[in-house]
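J.: I am sharing start.pdb, which consists of PDB, C-alpha atoms:
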```pdb
ATOM      1  CA  MET A   1      -9.872  19.411  -4.261
ATOM      2  CA  THR A   2      -6.322  18.993  -5.375
ATOM      3  CA  SER A   3      -6.322  16.449  -8.144
ATOM      4  CA  ALA A   4      -3.644  13.817  -8.341
ATOM      5  CA  ILE A   5      -2.172  15.517 -11.359
ATOM      6  CA  ALA A   6      -1.873  18.900  -9.735
ATOM      7  CA  GLU A   7      -0.076  17.296  -6.856
ATOM      8  CA  ARG A   8       2.220  15.349  -9.104
ATOM      9  CA  LYS A   9       3.413  18.433 -10.840
ATOM     10  CA  LYS A  10       6.888  19.332  -9.705
ATOM     11  CA  GLU A  11       6.160  22.195  -7.437
ATOM     12  CA  GLU A  12       8.736  24.904  -7.261
ATOM     13  CA  ILE A  13       9.527  26.904  -4.174
ATOM     14  CA  ALA A  14       8.408  30.446  -4.836
ATOM     15  CA  THR A  15      10.466  32.258  -2.247
ATOM     16  CA  PRO A  16      13.420  30.527  -0.654
ATOM     17  CA  GLN A  17      13.273  31.103   3.084
ATOM     18  CA  SER A  18      16.902  31.911   3.665
ATOM     19  CA  GLY A  19      18.004  34.329   1.007
ATOM     20  CA  GLU A  20      18.641  33.738  -2.631
ATOM     21  CA  PRO A  21      20.872  30.889  -3.731
ATOM     22  CA  ILE A  22      24.051  31.803  -5.553
ATOM     23  CA  ARG A  23      23.631  29.204  -8.232
ATOM     24  CA  ASN A  24      20.735  29.609 -10.521
ATOM     25  CA  ARG A  25      19.137  26.205 -10.165
ATOM     26  CA  ARG A  26      15.520  25.398  -9.707
ATOM     27  CA  VAL A  27      14.384  24.146  -6.337
ATOM     28  CA  PHE A  28      11.516  21.713  -6.010
ATOM     29  CA  VAL A  29       9.420  20.626  -3.083
ATOM     30  CA  PRO A  30       9.672  16.849  -2.756
ATOM     31  CA  LEU A  31       6.371  15.057  -2.256
ATOM     32  CA  ALA A  32       6.185  13.564   1.206
ATOM     33  CA  ASP A  33       4.208  11.101   3.255
ATOM     34  CA  ILE A  34       4.052  11.620   6.990
ATOM     35  CA  TYR A  35       2.632   9.063   9.343
ATOM     36  CA  GLU A  36       3.031   8.006  12.922
ATOM     37  CA  THR A  37       3.137   4.843  14.919
ATOM     38  CA  LYS A  38       2.891   4.553  18.666
ATOM     39  CA  ASP A  39       6.428   5.697  19.391
ATOM     40  CA  ARG A  40       7.761   7.167  16.166
ATOM     41  CA  LEU A  41       6.986   9.595  13.359
ATOM     42  CA  PHE A  42       7.961   8.773   9.781
ATOM     43  CA  ILE A  43       8.590  11.122   6.886
ATOM     44  CA  LEU A  44       9.063   9.691   3.409
ATOM     45  CA  ALA A  45      10.123  12.152   0.728
ATOM     46  CA  ASP A  46      10.475  11.431  -2.990
ATOM     47  CA  MET A  47      13.763  12.817  -4.256
ATOM     48  CA  PRO A  48      14.694  10.956  -7.424
ATOM     49  CA  GLY A  49      18.343  11.331  -8.418
ATOM     50  CA  VAL A  50      19.587  12.000  -4.912
ATOM     51  CA  ASP A  51      21.895   9.672  -2.968
ATOM     52  CA  GLU A  52      23.157   9.625   0.607
ATOM     53  CA  GLN A  53      26.061  11.927  -0.190
ATOM     54  CA  SER A  54      23.942  14.610  -1.745
ATOM     55  CA  ILE A  55      21.405  15.060   1.024
ATOM     56  CA  ASP A  56      21.846  17.657   3.688
ATOM     57  CA  ILE A  57      19.560  17.593   6.705
ATOM     58  CA  THR A  58      19.799  20.238   9.374
ATOM     59  CA  LEU A  59      17.882  20.783  12.562
ATOM     60  CA  GLU A  60      17.906  24.256  13.973
ATOM     61  CA  LYS A  61      15.825  24.658  17.092
ATOM     62  CA  ASN A  62      12.625  23.055  15.884
ATOM     63  CA  VAL A  63      13.019  23.624  12.149
ATOM     64  CA  LEU A  64      14.058  20.582  10.162
ATOM     65  CA  THR A  65      15.389  21.412   6.711
ATOM     66  CA  ILE A  66      15.939  18.833   4.007
ATOM     67  CA  ASN A  67      18.142  19.797   1.075
ATOM     68  CA  GLY A  68      18.772  17.387  -1.772
ATOM     69  CA  PHE A  69      21.211  18.129  -4.549
ATOM     70  CA  THR A  70      21.065  16.429  -7.905
ATOM     71  CA  THR A  71      24.020  16.220 -10.251
ATOM     72  CA  PRO A  72      23.459  18.120 -13.453
ATOM     73  CA  ASN A  73      23.630  16.187 -16.672
ATOM     74  CA  THR A  74      26.999  17.027 -18.140
ATOM     75  CA  GLU A  75      26.911  14.886 -21.245
ATOM     76  CA  ASN A  76      26.773  17.653 -23.756
ATOM     77  CA  GLU A  77      26.453  15.528 -26.842
ATOM     78  CA  LEU A  78      23.038  14.360 -25.654
ATOM     79  CA  LYS A  79      20.332  16.660 -26.908
ATOM     80  CA  LEU A  80      17.243  16.986 -24.755
ATOM     81  CA  VAL A  81      14.238  16.416 -26.981
ATOM     82  CA  HIS A  82      11.491  15.968 -24.423
ATOM     83  CA  CYS A  83      11.539  17.120 -20.817
ATOM     84  CA  GLU A  84       9.152  16.359 -18.002
ATOM     85  CA  CYS A  85      11.645  16.207 -15.159
ATOM     86  CA  PRO A  86      13.438  19.528 -15.124
ATOM     87  CA  GLU A  87      16.750  19.565 -13.327
ATOM     88  CA  GLY A  88      16.963  21.078  -9.927
ATOM     89  CA  ASN A  89      17.504  20.591  -6.251
ATOM     90  CA  TYR A  90      15.020  19.666  -3.591
ATOM     91  CA  ARG A  91      14.196  21.548  -0.459
ATOM     92  CA  ARG A  92      11.537  21.172   2.152
ATOM     93  CA  VAL A  93      11.241  22.586   5.628
ATOM     94  CA  PHE A  94       9.272  21.053   8.459
ATOM     95  CA  THR A  95       8.582  22.457  11.884
ATOM     96  CA  LEU A  96       8.841  19.798  14.535
ATOM     97  CA  SER A  97       6.571  19.697  17.522
ATOM     98  CA  GLU A  98       7.793  19.352  21.049
ATOM     99  CA  GLU A  99       7.086  15.646  21.106
ATOM    100  CA  VAL A 100      10.038  14.710  18.863
ATOM    101  CA  ASP A 101      13.207  13.476  20.521
ATOM    102  CA  ARG A 102      15.785  15.661  18.773
ATOM    103  CA  ASP A 103      18.771  13.393  19.381
ATOM    104  CA  GLY A 104      17.310  10.190  18.051
ATOM    105  CA  ILE A 105      16.435  11.292  14.514
ATOM    106  CA  GLU A 106      17.554   8.808  11.873
ATOM    107  CA  ALA A 107      17.683   9.287   8.136
ATOM    108  CA  THR A 108      18.141   6.754   5.363
ATOM    109  CA  VAL A 109      17.888   7.090   1.622
ATOM    110  CA  LYS A 110      17.039   4.296  -0.762
ATOM    111  CA  ASN A 111      16.069   4.385  -4.422
ATOM    112  CA  GLY A 112      15.573   8.116  -4.359
ATOM    113  CA  VAL A 113      13.324   8.140  -1.307
ATOM    114  CA  LEU A 114      14.452   9.759   1.918
ATOM    115  CA  LYS A 115      13.117   8.140   5.056
ATOM    116  CA  LEU A 116      13.280  10.108   8.271
ATOM    117  CA  ILE A 117      12.490   8.428  11.552
ATOM    118  CA  LEU A 118      11.641  10.815  14.348
ATOM    119  CA  PRO A 119      11.271   9.081  17.697
ATOM    120  CA  LYS A 120       8.805  10.568  20.130
ATOM    121  CA  SER A 121      10.290  11.728  23.372
ATOM    122  CA  GLN A 122       9.544   9.759  26.489
ATOM    123  CA  LYS A 123       7.743  12.562  28.246
ATOM    124  CA  SER A 124       5.282  13.084  25.434
ATOM    125  CA  MET A 125       4.190   9.470  25.316
ATOM    126  CA  THR A 126       0.992   8.605  27.018
ATOM    127  CA  ARG A 127       1.493   6.831  30.272
ATOM    128  CA  LYS A 128      -0.929   4.790  32.167
ATOM    129  CA  ILE A 129      -1.260   5.818  35.751
ATOM    130  CA  ALA A 130      -1.887   3.069  38.158
ATOM    131  CA  VAL A 131      -4.600   3.763  40.658
ATOM    132  CA  LYS A 132      -3.941   2.533  44.128
ATOM    133  CA  SER A 133      -6.525   1.901  46.726
ATOM    134  CA  GLU A 134      -6.060   3.776  49.930
TER     135      GLU A 134
ATOM    136  CA  MET B 135     -12.877  58.211   2.459
ATOM    137  CA  ASP B 136     -10.423  56.012   0.664
ATOM    138  CA  PHE B 137     -12.071  54.638  -2.453
ATOM    139  CA  LYS B 138      -9.998  51.534  -2.318
ATOM    140  CA  LEU B 139     -11.912  50.373   0.694
ATOM    141  CA  LEU B 140     -15.226  50.274  -1.128
ATOM    142  CA  PRO B 141     -16.104  46.599  -1.688
ATOM    143  CA  SER B 142     -17.301  47.306  -5.216
ATOM    144  CA  LYS B 143     -13.854  48.673  -6.081
ATOM    145  CA  TRP B 144     -11.851  45.751  -4.811
ATOM    146  CA  LEU B 145     -11.669  43.906  -8.040
ATOM    147  CA  SER B 146     -11.617  46.803 -10.437
ATOM    148  CA  LYS B 147      -8.389  47.029 -12.333
ATOM    149  CA  LYS B 148      -8.787  50.735 -12.924
ATOM    150  CA  ASN B 149      -8.703  51.372  -9.233
ATOM    151  CA  SER B 150      -5.466  49.558  -8.624
ATOM    152  CA  LEU B 151      -3.927  51.330 -11.598
ATOM    153  CA  SER B 152      -4.912  54.726 -10.363
ATOM    154  CA  ALA B 153      -3.475  54.005  -6.961
ATOM    155  CA  SER B 154      -0.266  55.816  -6.283
ATOM    156  CA  ARG B 155       3.061  54.024  -6.628
ATOM    157  CA  ASP B 156       3.509  53.588  -2.894
ATOM    158  CA  ASN B 157       0.065  52.173  -2.479
ATOM    159  CA  SER B 158       0.384  49.697  -5.307
ATOM    160  CA  SER B 159       3.605  48.244  -3.959
ATOM    161  CA  GLU B 160       1.933  47.916  -0.594
ATOM    162  CA  LEU B 161      -0.986  46.260  -2.306
ATOM    163  CA  ASN B 162       1.328  43.776  -3.989
ATOM    164  CA  GLU B 163       3.017  42.963  -0.745
ATOM    165  CA  HIS B 164      -0.233  42.019   0.882
ATOM    166  CA  LYS B 165      -1.718  40.429  -2.199
ATOM    167  CA  GLU B 166      -1.426  36.916  -0.830
ATOM    168  CA  GLU B 167      -3.117  37.795   2.428
ATOM    169  CA  HIS B 168      -5.911  39.863   0.969
ATOM    170  CA  PRO B 169      -9.167  37.879   1.149
ATOM    171  CA  VAL B 170     -10.308  38.891  -2.313
ATOM    172  CA  TYR B 171      -7.007  37.973  -3.924
ATOM    173  CA  SER B 172      -6.826  34.677  -2.140
ATOM    174  CA  LEU B 173     -10.382  33.913  -3.219
ATOM    175  CA  GLN B 174      -9.461  34.791  -6.773
ATOM    176  CA  SER B 175      -6.338  32.636  -6.767
ATOM    177  CA  GLU B 176      -8.293  29.775  -5.237
ATOM    178  CA  MET B 177     -10.866  30.072  -8.033
ATOM    179  CA  ASN B 178      -8.080  30.071 -10.622
ATOM    180  CA  ARG B 179      -6.598  26.989  -9.055
ATOM    181  CA  LEU B 180      -9.942  25.181  -9.121
ATOM    182  CA  PHE B 181     -10.357  25.964 -12.798
ATOM    183  CA  ASP B 182      -6.829  24.822 -13.556
ATOM    184  CA  ASP B 183      -7.357  21.592 -11.663
ATOM    185  CA  PHE B 184     -10.639  20.982 -13.430
ATOM    186  CA  PHE B 185      -9.213  21.348 -16.898
ATOM    187  CA  ARG B 186      -6.220  19.234 -16.041
ATOM    188  CA  ALA B 187      -8.302  16.548 -14.404
ATOM    189  CA  THR B 188     -10.716  16.224 -17.282
ATOM    190  CA  GLU B 189      -7.732  15.969 -19.604
ATOM    191  CA  MET B 190      -9.277  18.043 -22.303
ATOM    192  CA  PRO B 191      -6.580  18.025 -24.929
ATOM    193  CA  MET B 192      -7.359  21.536 -26.140
ATOM    194  CA  LEU B 193      -7.560  23.172 -22.749
ATOM    195  CA  GLY B 194      -5.203  21.298 -20.483
ATOM    196  CA  ARG B 195      -1.484  21.412 -20.694
ATOM    197  CA  SER B 196      -1.434  18.485 -23.085
ATOM    198  CA  PHE B 197      -2.132  21.107 -25.700
ATOM    199  CA  ALA B 198       1.540  21.249 -26.464
ATOM    200  CA  LEU B 199       1.600  17.968 -28.303
ATOM    201  CA  SER B 200       4.878  16.199 -28.552
ATOM    202  CA  PRO B 201       5.374  12.622 -29.742
ATOM    203  CA  PHE B 202       6.064  11.600 -26.139
ATOM    204  CA  THR B 203       3.130  13.350 -24.530
ATOM    205  CA  ALA B 204       0.977  11.063 -22.460
ATOM    206  CA  PHE B 205      -2.188  11.629 -20.516
ATOM    207  CA  GLU B 206      -0.901  11.522 -17.019
ATOM    208  CA  HIS B 207      -2.627  10.147 -14.010
ATOM    209  CA  GLY B 208      -1.605   9.099 -10.541
ATOM    210  CA  LEU B 209       1.636   7.275 -10.908
ATOM    211  CA  THR B 210       2.602   7.733 -14.536
ATOM    212  CA  PRO B 211       6.351   8.270 -14.359
ATOM    213  CA  ARG B 212       7.753  11.489 -15.703
ATOM    214  CA  ILE B 213      10.243  10.981 -18.508
ATOM    215  CA  ASP B 214      13.023  12.864 -20.198
ATOM    216  CA  VAL B 215      14.143  11.920 -23.702
ATOM    217  CA  ARG B 216      17.638  12.730 -24.900
ATOM    218  CA  GLU B 217      19.290  11.759 -28.131
ATOM    219  CA  THR B 218      22.495  11.848 -30.089
ATOM    220  CA  ASP B 219      22.950  10.839 -33.688
ATOM    221  CA  LYS B 220      23.421   7.217 -32.686
ATOM    222  CA  GLU B 221      21.622   6.848 -29.415
ATOM    223  CA  LEU B 222      18.286   7.471 -27.783
ATOM    224  CA  ARG B 223      18.263   7.758 -24.012
ATOM    225  CA  ILE B 224      15.051   7.794 -22.026
ATOM    226  CA  SER B 225      15.144   8.469 -18.306
ATOM    227  CA  ALA B 226      12.188   8.074 -15.983
ATOM    228  CA  GLU B 227      11.726   9.157 -12.383
ATOM    229  CA  LEU B 228      10.630   6.169 -10.330
ATOM    230  CA  PRO B 229      11.393   6.966  -6.699
ATOM    231  CA  GLY B 230      10.714   4.271  -4.137
ATOM    232  CA  LEU B 231      10.898   1.279  -6.447
ATOM    233  CA  ASN B 232      13.431  -1.527  -6.573
ATOM    234  CA  GLU B 233      14.932  -2.497  -9.886
ATOM    235  CA  SER B 234      13.204  -5.869  -9.567
ATOM    236  CA  GLU B 235       9.804  -4.174  -9.464
ATOM    237  CA  ILE B 236      10.260  -2.391 -12.773
ATOM    238  CA  ASP B 237       9.549  -3.988 -16.103
ATOM    239  CA  VAL B 238      10.945  -2.493 -19.290
ATOM    240  CA  SER B 239       9.945  -3.952 -22.606
ATOM    241  CA  LEU B 240      10.610  -2.992 -26.172
ATOM    242  CA  SER B 241       8.441  -3.867 -29.100
ATOM    243  CA  ARG B 242       9.297  -2.667 -32.583
ATOM    244  CA  ASP B 243       8.661   1.013 -32.089
ATOM    245  CA  MET B 244       7.281   1.180 -28.583
ATOM    246  CA  LEU B 245       9.054   1.242 -25.250
ATOM    247  CA  THR B 246       6.936   0.334 -22.258
ATOM    248  CA  ILE B 247       7.880   0.956 -18.638
ATOM    249  CA  SER B 248       5.600  -0.662 -16.098
ATOM    250  CA  GLY B 249       5.651  -1.819 -12.531
ATOM    251  CA  GLU B 250       3.984  -1.634  -9.204
ATOM    252  CA  LYS B 251       4.872   0.583  -6.301
ATOM    253  CA  LYS B 252       3.906  -0.984  -3.039
ATOM    254  CA  GLN B 253       3.147   0.948   0.071
ATOM    255  CA  GLU B 254       5.937   0.175   2.488
ATOM    256  CA  SER B 255       4.772   1.654   5.739
ATOM    257  CA  GLU B 256       5.466   0.217   9.143
ATOM    258  CA  GLN B 257       3.057  -1.951  10.992
ATOM    259  CA  ASN B 258       0.689  -0.429  13.521
ATOM    260  CA  VAL B 259       0.316   2.923  11.834
ATOM    261  CA  LYS B 260      -1.658   5.130  14.151
ATOM    262  CA  GLY B 261      -2.360   8.024  11.865
ATOM    263  CA  TRP B 262      -1.478   9.751   8.636
ATOM    264  CA  TYR B 263      -0.645  13.428   8.459
ATOM    265  CA  ARG B 264       0.202  13.699   4.799
ATOM    266  CA  MET B 265      -0.153  11.400   1.837
ATOM    267  CA  GLU B 266       1.246  13.082  -1.237
ATOM    268  CA  ARG B 267       3.047  10.172  -2.834
ATOM    269  CA  SER B 268       1.135   7.643  -4.909
ATOM    270  CA  TYR B 269       1.133   3.888  -4.785
ATOM    271  CA  GLY B 270      -0.129   1.233  -7.149
ATOM    272  CA  SER B 271       0.649  -0.117 -10.554
ATOM    273  CA  PHE B 272       1.582   2.076 -13.461
ATOM    274  CA  THR B 273       2.495   1.771 -17.078
ATOM    275  CA  ARG B 274       3.817   4.189 -19.604
ATOM    276  CA  SER B 275       4.385   3.528 -23.263
ATOM    277  CA  VAL B 276       6.537   5.747 -25.380
ATOM    278  CA  SER B 277       6.403   5.554 -29.132
ATOM    279  CA  LEU B 278       9.930   5.828 -30.382
ATOM    280  CA  PRO B 279      10.724   8.488 -32.968
ATOM    281  CA  CYS B 280      12.943   6.196 -35.002
ATOM    282  CA  GLU B 281      13.884   2.553 -35.426
ATOM    283  CA  VAL B 282      16.207   1.105 -32.821
ATOM    284  CA  GLU B 283      18.338  -2.015 -32.606
ATOM    285  CA  GLN B 284      16.205  -4.570 -30.823
ATOM    286  CA  ASP B 285      19.143  -6.333 -29.164
ATOM    287  CA  SER B 286      21.237  -3.462 -27.900
ATOM    288  CA  CYS B 287      18.896  -2.088 -25.276
ATOM    289  CA  SER B 288      20.260  -1.476 -21.827
ATOM    290  CA  ALA B 289      18.701  -0.079 -18.667
ATOM    291  CA  VAL B 290      20.227   1.229 -15.458
ATOM    292  CA  PHE B 291      18.368   2.071 -12.278
ATOM    293  CA  LYS B 292      20.058   4.376  -9.811
ATOM    294  CA  ASN B 293      18.689   6.513  -6.997
ATOM    295  CA  GLY B 294      15.138   6.261  -8.232
ATOM    296  CA  VAL B 295      15.950   7.178 -11.821
ATOM    297  CA  LEU B 296      15.688   4.617 -14.595
ATOM    298  CA  THR B 297      17.766   5.245 -17.689
ATOM    299  CA  VAL B 298      17.133   3.223 -20.826
ATOM    300  CA  SER B 299      19.671   3.465 -23.626
ATOM    301  CA  LEU B 300      18.679   2.473 -27.125
ATOM    302  CA  THR B 301      20.848   2.401 -30.228
ATOM    303  CA  LYS B 302      19.404   3.736 -33.421
ATOM    304  CA  THR B 303      19.570   1.460 -36.443
ATOM    305  CA  PRO B 304      22.020   2.456 -39.187
ATOM    306  CA  GLN B 305      19.060   3.230 -41.441
ATOM    307  CA  ALA B 306      17.574   5.539 -38.850
ATOM    308  CA  GLN B 307      20.897   7.282 -38.392
ATOM    309  CA  THR B 308      21.143   8.139 -42.052
ATOM    310  CA  SER B 309      17.470   8.562 -42.774
ATOM    311  CA  THR B 310      17.535  12.317 -43.123
ATOM    312  CA  LYS B 311      17.533  13.139 -46.759
ATOM    313  CA  SER B 312      17.605  16.578 -48.182
ATOM    314  CA  ILE B 313      15.144  17.188 -50.944
ATOM    315  CA  ALA B 314      16.266  19.234 -53.854
ATOM    316  CA  ILE B 315      13.962  22.055 -54.825
ATOM    317  CA  LYS B 316      13.599  22.660 -58.521
ATOM    318  CA  LYS B 317      12.627  25.825 -60.175
ATOM    319  CA  GLU B 318       9.702  25.620 -62.529
TER     320      GLU B 318
END
```
Before anything else, please render the file you have as structure tokens.
T.:
Amino acid sequence: MTSAIAERKKEEIATPQSGEPIRNRRVFVPLADIYETKDRLFILADMPGVDEQSIDITLEKNVLTINGFTTPNTENELKLVHCECPEGNYRRVFTLSEEVDRDGIEATVKNGVLKLILPKSQKSMTRKIAVKSE
Amino acid sequence: MDFKLLPSKWLSKKNSLSASRDNSSELNEHKEEHPVYSLQSEMNRLFDDFFRATEMPMLGRSFALSPFTAFEHGLTPRIDVRETDKELRISAELPGLNESEIDVSLSRDMLTISGEKKQESEQNVKGWYRMERSYGSFTRSVSLPCEVEQDSCSAVFKNGVLTVSLTKTPQAQTSTKSIAIKKE
């Protein structure tokens, strides 16, 4: 029973998996959609303020880590009077199953949305076995 | 027998306080896993969700009233408002939209951001594992705290963040007036 609002709240990572970061910036979990077609898996992650240069995707064994870095607002003369989008980076970790072809992963970012395309490996796809008559 | 293991003592605060230092740190470590604690946190979450969902102004988080506070639902974009003496800058997070799909309009003292986010999934989707993002049309109106020049409004959309810059009118810039206090 997670309401839409609870989900929309910028959720912060409570304990970073790999040690504490040096810089004291907040880290948020980007909201993601995951769906599959016959031969591919798609991950869409909302990371507003992030462009292709500020995304870091790593794959270690079967752990896919997405890091997105936003540029802090440096215009000091602007005074923040109302804040709903606190500044911070994005981080989300996914564990891939065996069926993903590790070498064919593609990533694109457009309008603050990261799109990951994970092709399924040939061996995991269902094959039809022809039955011969003896 | 360890008293901590008695079911009736599980939730008692006194018990956890009287536990020795070593035990309490151990208890904290396993807090998340402990069935009673997880039940309790789940109950807290349900209550939180309920009060947020019903949008009761006194109980939800909209209690902290600010001139920009809106009752949020689904897609309402989150906004930041920044200002200088001359300028008002409103930025909104709108990931996944094109600039052509966003409509920004300014009436005298109201800025409205609206648009529609379309679901852009591939054809032949076999199954969904997660659906956390929202789709559909949205609108958010912000009442402006001061008068702005109607003609000098500009908007930039970059990486899913819309930034609207508004110039305050000269009257608004100099509208603060100190009031002299007289002694009776």
J.: Can you tell me, as a list in words, what residues are no more than 8 Å from Ala107 in chain A when counting all atoms listed in the file, ignoring any on the same chain fewer than 3 positions away?
T.: Leu114, Lys115, Leu116 and Ile117 of chain A
J.: Just the residues within 12 Å of Asn76 in chain A, please, counting all atoms listed in the file, with nothing from its chain fewer than 5 positions along; format it as number ranges by chain.
T.: B: 216-218
J.: Evaluated on this file, the PyMOL selection byres ((chain B and resi 276) around 7) picks out some residues - which ones are they, written as a list in words?
T.: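 So the PyMOL selection byres ((chain B and resi 276) around 7), applied here, picks out Phe202, Met244, Leu245, Thr246, Arg274, Ser275, Ser277 and Leu278 of chain B.
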J.: May I have the residues of chain A within 12 Å of chain B, counting all atoms listed in the file, written as number ranges by chain?
T.: A: 1-10, 29-54, 70-71, 73, 75-87, 109-115, 117
J.: Between CA of Arg92 in chain A and CA of Arg26 in chain A, what is the distance, to one decimal in Å?
T.: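 Computing the Euclidean distance for CA of Arg92 in chain A and CA of Arg26 in chain A yields 13.2 Å.
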J.: Taking 4 positions as the minimum chain separation for residues in the same chain, which residues sit within 12 Å of Glu98 in chain A when counting all atoms listed in the file? Answer as number ranges by chain.
T.: A: 61-63, 102, 118-125
J.: Find the residue from A:Asn67, A:Pro72, A:Glu134, A:Ile22 that sits nearest to Gly88 in chain A; use all atoms listed in the file when measuring.
T.: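 Result for the nearest residue to Gly88 in chain A: A:Pro72.
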J.: Which residues fall under the PyMOL selection byres ((chain B and resi 300) around 7) in this file, as a list in words?
T.: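 After applying the PyMOL selection byres ((chain B and resi 300) around 7), what remains is Glu221, Leu222, Arg223, Val282, Ser286, Cys287, Ser288, Val298, Ser299, Thr301 and Lys302 of chain B.
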J.: To one decimal place, how far is CA of Glu12 in chain A from CA of Gly68 in chain A in Å?
T.: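 Value for the CA of Glu12 in chain A-CA of Gly68 in chain A distance: 13.7 Å.
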J.: For this file, the PyMOL selection byres ((chain A and resi 59) around 10) selects which residues, as a list of chain:residue names?
T.: A:Ile57, A:Thr58, A:Glu60, A:Lys61, A:Asn62, A:Val63, A:Leu64, A:Thr65, A:Ile66, A:Val93, A:Phe94, A:Thr95, A:Leu96, A:Arg102, A:Ile105
J.: For a test of reading the model, state the distance in Å between CA of Ser97 in chain A and CA of Lys128 in chain A, rounded to one decimal.
T.: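 About the pair CA of Ser97 in chain A and CA of Lys128 in chain A: they are 22.2 Å apart.
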